[in-house]
file final-v6.pdb (PDB, C-alpha atoms)
ATOM      1  CA  MET A  21      27.267  42.569  11.238
ATOM      2  CA  ALA A  22      28.605  39.486   9.482
ATOM      3  CA  ASN A  23      28.282  37.508  12.699
ATOM      4  CA  SER A  24      24.656  38.504  13.138
ATOM      5  CA  THR A  25      23.901  37.391   9.556
ATOM      6  CA  GLN A  26      25.518  34.031  10.218
ATOM      7  CA  LEU A  27      23.541  33.610  13.418
ATOM      8  CA  LYS A  28      20.323  34.306  11.543
ATOM      9  CA  THR A  29      20.990  31.970   8.643
ATOM     10  CA  LYS A  30      22.500  28.999  10.479
ATOM     11  CA  PRO A  31      19.377  27.767  12.333
ATOM     12  CA  ALA A  32      17.339  28.130   9.150
ATOM     13  CA  THR A  33      19.528  25.678   7.210
ATOM     14  CA  GLU A  34      19.414  22.864   9.762
ATOM     15  CA  PRO A  35      15.699  21.997   9.450
ATOM     16  CA  VAL A  36      16.035  22.097   5.645
ATOM     17  CA  GLN A  37      18.863  19.551   5.807
ATOM     18  CA  SER A  38      16.861  17.443   8.252
ATOM     19  CA  ASN A  39      13.806  17.610   5.953
ATOM     20  CA  SER A  40      15.797  16.636   2.875
ATOM     21  CA  MET A  41      17.348  13.731   4.771
ATOM     22  CA  MET A  42      13.935  12.543   5.919
ATOM     23  CA  ALA A  43      12.565  13.005   2.378
ATOM     24  CA  VAL A  44      15.009  10.307   1.267
ATOM     25  CA  VAL A  45      14.955   8.031   4.325
ATOM     26  CA  ALA A  46      11.169   7.917   4.902
ATOM     27  CA  PRO A  47      10.225   6.650   1.408
ATOM     28  CA  ALA A  48      13.119   4.149   1.431
ATOM     29  CA  VAL A  49      12.164   2.734   4.837
ATOM     30  CA  GLY A  50       8.481   2.869   3.883
ATOM     31  CA  TRP A  51       9.212   0.770   0.791
ATOM     32  CA  LEU A  52      11.094  -1.869   2.794
ATOM     33  CA  ILE A  53       8.487  -2.062   5.582
ATOM     34  CA  PRO A  54       5.015  -0.693   4.754
ATOM     35  CA  GLY A  55       4.065   2.098   7.160
ATOM     36  CA  ALA A  56       7.598   2.488   8.533
ATOM     37  CA  GLY A  57       7.980   5.774   6.640
ATOM     38  CA  HIS A  58       5.144   7.155   8.762
ATOM     39  CA  ILE A  59       6.348   5.529  11.983
ATOM     40  CA  ILE A  60       9.820   7.114  11.813
ATOM     41  CA  GLN A  61       8.088  10.481  11.435
ATOM     42  CA  LYS A  62       6.106   9.791  14.619
ATOM     43  CA  ARG A  63       2.788   9.140  12.838
ATOM     44  CA  TRP A  64       2.373   5.996  14.915
ATOM     45  CA  ILE A  65      -1.276   5.151  14.350
ATOM     46  CA  ARG A  66      -1.174   5.839  10.616
ATOM     47  CA  GLY A  67       2.004   3.791  10.275
ATOM     48  CA  VAL A  68       0.621   0.804  12.160
ATOM     49  CA  LEU A  69      -2.659   0.919  10.210
ATOM     50  CA  LEU A  70      -0.743   0.999   6.917
ATOM     51  CA  LEU A  71       1.489  -1.855   8.054
ATOM     52  CA  VAL A  72      -1.487  -3.985   9.106
ATOM     53  CA  SER A  73      -3.541  -3.193   5.973
ATOM     54  CA  ILE A  74      -0.814  -3.663   3.361
ATOM     55  CA  GLY A  75       0.825  -6.543   5.238
ATOM     56  CA  SER A  76      -2.496  -8.375   5.643
ATOM     57  CA  LEU A  77      -3.405  -7.905   1.989
ATOM     58  CA  PHE A  78      -0.042  -9.312   0.900
ATOM     59  CA  ALA A  79      -0.163 -12.198   3.411
ATOM     60  CA  LEU A  80      -3.735 -13.096   2.417
ATOM     61  CA  GLY A  81      -2.650 -13.090  -1.225
ATOM     62  CA  LEU A  82       0.113 -15.553  -0.396
ATOM     63  CA  MET A  83      -2.230 -17.765   1.634
ATOM     64  CA  MET A  84      -4.663 -17.785  -1.291
ATOM     65  CA  GLN A  85      -1.788 -19.311  -3.307
ATOM     66  CA  GLY A  86      -1.310 -16.181  -5.399
ATOM     67  CA  HIS A  87       1.543 -15.933  -7.882
ATOM     68  CA  ILE A  88       4.570 -13.658  -7.430
ATOM     69  CA  TYR A  89       5.910 -12.088 -10.631
ATOM     70  CA  LYS A  90       9.646 -11.891 -11.290
ATOM     71  CA  ALA A  91      11.674  -9.304 -13.205
ATOM     72  CA  ASN A  92      12.287 -11.531 -16.216
ATOM     73  CA  GLY A  93       8.614 -11.937 -17.097
ATOM     74  CA  GLY A  94       8.931 -11.124 -20.789
ATOM     75  CA  ASP A  95       5.177 -10.650 -21.265
ATOM     76  CA  ILE A  96       4.001  -7.039 -20.746
ATOM     77  CA  LEU A  97       1.332  -8.131 -18.244
ATOM     78  CA  ASP A  98       3.987 -10.035 -16.281
ATOM     79  CA  ILE A  99       6.164  -6.904 -16.202
ATOM     80  CA  LEU A 100       3.229  -4.840 -14.920
ATOM     81  CA  GLY A 101       2.562  -7.511 -12.303
ATOM     82  CA  PHE A 102       6.219  -7.389 -11.306
ATOM     83  CA  ILE A 103       6.088  -3.599 -10.874
ATOM     84  CA  GLY A 104       3.030  -3.960  -8.645
ATOM     85  CA  ASP A 105       4.594  -6.750  -6.591
ATOM     86  CA  LEU A 106       7.849  -4.809  -6.260
ATOM     87  CA  GLY A 107       6.004  -2.058  -4.381
ATOM     88  CA  ALA A 108       5.599  -4.416  -1.422
ATOM     89  CA  GLY A 109       9.371  -4.037  -0.862
ATOM     90  CA  GLY A 110      10.681  -6.181   1.955
ATOM     91  CA  MET A 111       7.716  -8.559   1.867
ATOM     92  CA  TYR A 112       8.332  -9.181  -1.840
ATOM     93  CA  ILE A 113      12.047  -9.811  -1.275
ATOM     94  CA  VAL A 114      11.414 -12.189   1.648
ATOM     95  CA  THR A 115       8.745 -14.073  -0.319
ATOM     96  CA  LEU A 116      11.095 -14.513  -3.269
ATOM     97  CA  ALA A 117      13.922 -15.597  -0.952
ATOM     98  CA  MET A 118      11.663 -18.213   0.647
ATOM     99  CA  ASN A 119      10.577 -19.378  -2.814
ATOM    100  CA  GLY A 120       6.962 -18.481  -2.094
ATOM    101  CA  GLY A 121       4.238 -17.565  -4.535
ATOM    102  CA  GLN A 122       5.592 -19.828  -7.274
ATOM    103  CA  GLY A 123       2.489 -21.890  -7.949
ATOM    104  CA  ALA A 124       0.514 -21.735 -11.194
ATOM    105  CA  ILE A 125      -2.745 -19.782 -11.065
ATOM    106  CA  ALA A 126      -4.973 -22.828 -11.326
ATOM    107  CA  PHE A 127      -8.242 -21.573  -9.784
ATOM    108  CA  ALA A 128     -10.152 -18.350  -9.142
ATOM    109  CA  ILE A 129      -9.034 -17.856  -5.522
ATOM    110  CA  ALA A 130      -5.362 -18.061  -6.577
ATOM    111  CA  ASP A 131      -6.068 -15.355  -9.159
ATOM    112  CA  TYR A 132      -7.624 -13.175  -6.431
ATOM    113  CA  GLY A 133      -4.527 -13.818  -4.306
ATOM    114  CA  THR A 134      -2.269 -12.708  -7.147
ATOM    115  CA  LYS A 135      -4.252  -9.474  -7.466
ATOM    116  CA  PHE A 136      -4.181  -8.991  -3.673
ATOM    117  CA  MET A 137      -0.373  -9.006  -3.705
ATOM    118  CA  ILE A 138      -0.152  -6.654  -6.694
ATOM    119  CA  VAL A 139      -2.585  -4.231  -5.069
ATOM    120  CA  ALA A 140      -0.682  -4.448  -1.755
ATOM    121  CA  GLY A 141       2.425  -3.289  -3.635
ATOM    122  CA  LEU A 142       0.552  -0.504  -5.414
ATOM    123  CA  LEU A 143      -1.004   0.689  -2.147
ATOM    124  CA  ASN A 144       2.476   0.759  -0.641
ATOM    125  CA  PHE A 145       3.574   3.082  -3.476
ATOM    126  CA  ILE A 146       0.781   5.457  -2.389
ATOM    127  CA  ALA A 147       1.891   5.130   1.269
ATOM    128  CA  ILE A 148       5.490   5.908   0.207
ATOM    129  CA  ALA A 149       4.334   9.062  -1.616
ATOM    130  CA  ASP A 150       2.360  10.070   1.498
ATOM    131  CA  ALA A 151       5.427   9.568   3.728
ATOM    132  CA  TYR A 152       7.414  11.741   1.322
ATOM    133  CA  HIS A 153       4.780  14.488   1.428
ATOM    134  CA  ILE A 154       4.883  14.446   5.231
ATOM    135  CA  ALA A 155       8.699  14.622   5.154
ATOM    136  CA  ILE A 156       8.771  17.689   2.895
ATOM    137  CA  GLY A 157       6.035  19.384   4.913
ATOM    138  CA  LYS A 158       3.355  19.257   2.216
ATOM    139  CA  LYS A 159       1.109  17.241   4.527
ATOM    140  CA  SER A 160       0.851  17.259   8.309
TER     141      SER A 160
ATOM    142  CA  MET B  10      -0.929 -22.494   5.120
ATOM    143  CA  THR B  11      -3.697 -21.858   2.626
ATOM    144  CA  ILE B  12      -6.976 -20.039   2.904
ATOM    145  CA  GLN B  13     -10.160 -20.293   0.862
ATOM    146  CA  LEU B  14     -12.244 -17.121   0.650
ATOM    147  CA  THR B  15     -15.551 -16.735  -1.124
ATOM    148  CA  HIS B  16     -15.847 -14.058  -3.780
ATOM    149  CA  PHE B  17     -17.724 -11.762  -1.399
ATOM    150  CA  SER B  18     -15.389 -12.253   1.572
ATOM    151  CA  ALA B  19     -12.396 -11.606  -0.711
ATOM    152  CA  ALA B  20     -14.083  -8.413  -1.948
ATOM    153  CA  PHE B  21     -14.850  -7.464   1.679
ATOM    154  CA  VAL B  22     -11.276  -7.757   2.986
ATOM    155  CA  PHE B  23      -9.946  -6.089  -0.156
ATOM    156  CA  ALA B  24     -12.351  -3.168   0.322
ATOM    157  CA  LEU B  25     -11.511  -2.918   4.028
ATOM    158  CA  PHE B  26      -7.726  -2.739   3.656
ATOM    159  CA  ALA B  27      -7.719  -0.596   0.504
ATOM    160  CA  SER B  28     -10.134   1.863   2.164
ATOM    161  CA  VAL B  29      -7.877   2.201   5.218
ATOM    162  CA  VAL B  30      -4.904   3.067   2.992
ATOM    163  CA  PHE B  31      -6.949   5.437   0.811
ATOM    164  CA  GLY B  32      -8.361   7.194   3.874
ATOM    165  CA  ILE B  33      -4.945   7.730   5.458
ATOM    166  CA  THR B  34      -3.151   8.824   2.313
ATOM    167  CA  HIS B  35      -5.785  10.964   0.601
ATOM    168  CA  ARG B  36      -6.952  13.243   3.414
ATOM    169  CA  GLU B  37      -5.335  15.646   5.888
ATOM    170  CA  THR B  38      -7.289  15.505   9.150
ATOM    171  CA  THR B  39      -8.248  12.427  11.169
ATOM    172  CA  ARG B  40     -11.963  13.147  10.795
ATOM    173  CA  ASP B  41     -11.655  13.479   7.007
ATOM    174  CA  MET B  42      -9.554  10.303   6.859
ATOM    175  CA  ILE B  43     -12.271   8.294   8.636
ATOM    176  CA  ARG B  44     -15.040   9.793   6.493
ATOM    177  CA  TYR B  45     -13.175   9.177   3.248
ATOM    178  CA  GLY B  46     -12.207   5.654   4.312
ATOM    179  CA  LEU B  47     -15.851   4.829   5.064
ATOM    180  CA  TYR B  48     -16.904   6.393   1.752
ATOM    181  CA  CYS B  49     -14.360   4.285  -0.175
ATOM    182  CA  PHE B  50     -15.442   1.140   1.683
ATOM    183  CA  ALA B  51     -19.110   1.793   0.863
ATOM    184  CA  MET B  52     -18.237   2.486  -2.794
ATOM    185  CA  PHE B  53     -16.153  -0.694  -3.065
ATOM    186  CA  LEU B  54     -18.823  -2.936  -1.570
ATOM    187  CA  GLY B  55     -21.660  -1.048  -3.256
ATOM    188  CA  GLY B  56     -19.877  -1.481  -6.584
ATOM    189  CA  VAL B  57     -19.558  -5.222  -5.966
ATOM    190  CA  LEU B  58     -23.261  -5.554  -5.167
ATOM    191  CA  VAL B  59     -24.394  -3.394  -8.114
ATOM    192  CA  ALA B  60     -22.077  -5.229 -10.526
ATOM    193  CA  GLY B  61     -23.296  -8.575  -9.151
ATOM    194  CA  TRP B  62     -26.955  -7.701  -9.653
ATOM    195  CA  ALA B  63     -26.196  -6.216 -13.099
ATOM    196  CA  MET B  64     -24.575  -9.488 -14.158
ATOM    197  CA  TRP B  65     -27.560 -11.412 -12.768
ATOM    198  CA  LEU B  66     -29.887  -9.234 -14.889
ATOM    199  CA  VAL B  67     -27.731  -9.631 -17.998
ATOM    200  CA  ARG B  68     -27.786 -13.405 -17.590
ATOM    201  CA  ARG B  69     -31.597 -13.486 -17.441
TER     202      ARG B  69
END
call {"tool": "encode", "arguments": {"input": "final-v6.pdb", "output": "structure tokens"}}
result
Amino acid sequence: MANSTQLKTKPATEPVQSNSMMAVVAPAVGWLIPGAGHIIQKRWIRGVLLLVSIGSLFALGLMMQGHIYKANGGDILDILGFIGDLGAGGMYIVTLAMNGGQGAIAFAIADYGTKFMIVAGLLNFIAIADAYHIAIGKKS
Amino acid sequence: MTIQLTHFSAAFVFALFASVVFGITHRETTRDMIRYGLYCFAMFLGGVLVAGWAMWLVRR
């Protein structure tokens, strides 16, 4: 009797563990590389589209000489900009490491570029939440 | 490498990429994703055009 109970409960716990593992890994990987949270869950097309969209928005922002905000902004708007930029994950870290996005916002296009990079980070936050919902089974 | 976009082309690429992400993340089925993405794109660009004409009228 005890054996039959164990046999019934054991397979049920494995997918739960797998789901909880993926619920942590998918958002983390998705933060580092936009769309990767979807790709590791075999949502190939969605993942690639997210990668291309968010990556292009961030890259265009950089090419438009947008400004990257750092953690020690001081000003509340700088802190909000930093939170937005931080959402881009790996791209933000690489850009900071390469000393990119440090120019002053001297003209309108550079201001658009700054907003492009902030929005790329914010869109990646949405993509991370979506990857999490897929991992926990809330979305297919 | 730098790039110079006009206001409209910047709004266009912004609308395009944001709509793709909104479509994928806000809907369940592929069909609904495409429809919602197109809806968001139209709203983004429509909003730009309406706001542009509104500002033109205000300036007059």
call {"tool": "resolve_selection", "arguments": {"input": "final-v6.pdb", "expression": "the PyMOL selection byres ((chain B) within 9 of (chain A))", "output": "list of chain:residue names"}}
result
B:Met10, B:Thr11, B:Ile12, B:Gln13, B:Leu14, B:Thr15, B:His16, B:Ala19, B:Val22, B:Phe23, B:Leu25, B:Phe26, B:Ala27, B:Val29, B:Val30, B:Phe31, B:Ile33, B:Thr34, B:His35, B:Glu37, B:Thr38
call {"tool": "atom_distance", "arguments": {"input": "final-v6.pdb", "atom1": "atom CA of Phe78 of chain A", "atom2": "atom CA of Gly94 of chain A"}}
result
23.5 Å
call {"tool": "residues_around", "arguments": {"input": "final-v6.pdb", "residues": "Phe53 of chain B", "least_positions_apart": "2", "cutoff": "12 Å", "atoms": "only C-alpha atoms", "output": "list in words"}}
result
Phe17, Ala19, Ala20, Phe21, Val22, Phe23, Ala24, Leu25, Phe26, Ala27, Ser28, Phe31, Gly46, Leu47, Tyr48, Cys49, Phe50, Ala51, Gly55, Gly56, Val57, Leu58, Val59 and Ala60 of chain B
call {"tool": "resolve_selection", "arguments": {"input": "final-v6.pdb", "expression": "the PyMOL selection byres ((chain A and resi 87) around 7)", "output": "list of chain:residue names"}}
result
A:Gln85, A:Gly86, A:Ile88, A:Tyr89, A:Gly121, A:Gln122, A:Gly123, A:Ala124, A:Ile125, A:Thr134
call {"tool": "axis_aligned_box", "arguments": {"input": "final-v6.pdb", "around": "segment 27-35 of chain B", "padding_each_side": "4 Å", "output": "JSON"}}
result
{"center_x": -6.6, "center_y": 5.2, "center_z": 3.0, "size_x": 15.0, "size_y": 19.6, "size_z": 13.0}
call {"tool": "atom_distance", "arguments": {"input": "final-v6.pdb", "atom1": "atom CA of Gly120 of chain A", "atom2": "atom CA of Met137 of chain A"}}
result
12.1 Å
call {"tool": "atom_distance", "arguments": {"input": "final-v6.pdb", "atom1": "atom CA of Ala108 of chain A", "atom2": "atom CA of Arg40 of chain B"}}
result
27.7 Å
call {"tool": "residues_around", "arguments": {"input": "final-v6.pdb", "residues": "Met42 of chain A", "least_positions_apart": "5", "cutoff": "10 Å", "atoms": "all atoms listed in the file", "output": "count of residues only"}}
result
12
call {"tool": "build_atoms", "arguments": {"input": "final-v6.pdb", "residues": "segment 20-52 of chain B", "atoms": "N, CA and C atoms", "output": "tab-separated table (two decimals), keeping the file's coordinate frame"}}
result
chain	number	residue	atom	x	y	z
B	20	ALA	N	-13.78	-9.81	-1.62
B	20	ALA	CA	-14.08	-8.41	-1.95
B	20	ALA	C	-14.17	-7.58	-0.67
B	21	PHE	N	-14.70	-8.18	0.40
B	21	PHE	CA	-14.85	-7.46	1.68
B	21	PHE	C	-13.49	-7.09	2.28
B	22	VAL	N	-12.58	-8.06	2.37
B	22	VAL	CA	-11.28	-7.76	2.99
B	22	VAL	C	-10.47	-6.82	2.08
B	23	PHE	N	-10.62	-7.00	0.77
B	23	PHE	CA	-9.95	-6.09	-0.16
B	23	PHE	C	-10.43	-4.66	0.07
B	24	ALA	N	-11.76	-4.49	0.12
B	24	ALA	CA	-12.35	-3.17	0.32
B	24	ALA	C	-11.91	-2.57	1.65
B	25	LEU	N	-11.88	-3.39	2.69
B	25	LEU	CA	-11.51	-2.92	4.03
B	25	LEU	C	-10.08	-2.35	4.04
B	26	PHE	N	-9.13	-3.15	3.58
B	26	PHE	CA	-7.73	-2.74	3.66
B	26	PHE	C	-7.40	-1.61	2.67
B	27	ALA	N	-7.97	-1.67	1.48
B	27	ALA	CA	-7.72	-0.60	0.50
B	27	ALA	C	-8.32	0.72	1.01
B	28	SER	N	-9.49	0.64	1.65
B	28	SER	CA	-10.13	1.86	2.16
B	28	SER	C	-9.32	2.50	3.28
B	29	VAL	N	-8.73	1.67	4.14
B	29	VAL	CA	-7.88	2.20	5.22
B	29	VAL	C	-6.71	2.98	4.62
B	30	VAL	N	-6.06	2.40	3.61
B	30	VAL	CA	-4.90	3.07	2.99
B	30	VAL	C	-5.35	4.33	2.26
B	31	PHE	N	-6.46	4.25	1.52
B	31	PHE	CA	-6.95	5.44	0.81
B	31	PHE	C	-7.30	6.55	1.80
B	32	GLY	N	-7.97	6.19	2.88
B	32	GLY	CA	-8.36	7.19	3.87
B	32	GLY	C	-7.15	7.91	4.46
B	33	ILE	N	-6.13	7.14	4.83
B	33	ILE	CA	-4.94	7.73	5.46
B	33	ILE	C	-4.17	8.60	4.48
B	34	THR	N	-4.05	8.14	3.25
B	34	THR	CA	-3.15	8.82	2.31
B	34	THR	C	-3.81	9.96	1.53
B	35	HIS	N	-5.14	9.97	1.46
B	35	HIS	CA	-5.78	10.96	0.60
B	35	HIS	C	-6.38	12.15	1.34
B	36	ARG	N	-6.36	12.14	2.66
B	36	ARG	CA	-6.95	13.24	3.41
B	36	ARG	C	-5.99	13.75	4.49
B	37	GLU	N	-6.25	14.98	4.95
B	37	GLU	CA	-5.34	15.65	5.89
B	37	GLU	C	-5.67	15.37	7.36
B	38	THR	N	-6.92	15.61	7.74
B	38	THR	CA	-7.29	15.50	9.15
B	38	THR	C	-7.84	14.11	9.46
B	39	THR	N	-7.78	13.75	10.74
B	39	THR	CA	-8.25	12.43	11.17
B	39	THR	C	-9.72	12.21	10.82
B	40	ARG	N	-10.52	13.24	11.08
B	40	ARG	CA	-11.96	13.15	10.80
B	40	ARG	C	-12.21	12.89	9.30
B	41	ASP	N	-11.49	13.65	8.47
B	41	ASP	CA	-11.66	13.48	7.01
B	41	ASP	C	-11.15	12.11	6.55
B	42	MET	N	-10.09	11.63	7.21
B	42	MET	CA	-9.55	10.30	6.86
B	42	MET	C	-10.61	9.22	7.11
B	43	ILE	N	-11.26	9.30	8.28
B	43	ILE	CA	-12.27	8.29	8.64
B	43	ILE	C	-13.45	8.38	7.67
B	44	ARG	N	-13.89	9.61	7.41
B	44	ARG	CA	-15.04	9.79	6.49
B	44	ARG	C	-14.72	9.27	5.10
B	45	TYR	N	-13.53	9.61	4.61
B	45	TYR	CA	-13.18	9.18	3.25
B	45	TYR	C	-12.96	7.66	3.19
B	46	GLY	N	-12.39	7.11	4.25
B	46	GLY	CA	-12.21	5.65	4.31
B	46	GLY	C	-13.54	4.93	4.27
B	47	LEU	N	-14.51	5.44	5.06
B	47	LEU	CA	-15.85	4.83	5.06
B	47	LEU	C	-16.53	4.98	3.70
B	48	TYR	N	-16.33	6.15	3.08
B	48	TYR	CA	-16.90	6.39	1.75
B	48	TYR	C	-16.33	5.40	0.73
B	49	CYS	N	-15.00	5.22	0.76
B	49	CYS	CA	-14.36	4.28	-0.18
B	49	CYS	C	-14.87	2.86	0.07
B	50	PHE	N	-14.98	2.48	1.35
B	50	PHE	CA	-15.44	1.14	1.68
B	50	PHE	C	-16.85	0.91	1.14
B	51	ALA	N	-17.72	1.91	1.35
B	51	ALA	CA	-19.11	1.79	0.86
B	51	ALA	C	-19.13	1.71	-0.66
B	52	MET	N	-18.28	2.50	-1.32
B	52	MET	CA	-18.24	2.49	-2.79
B	52	MET	C	-17.73	1.14	-3.32
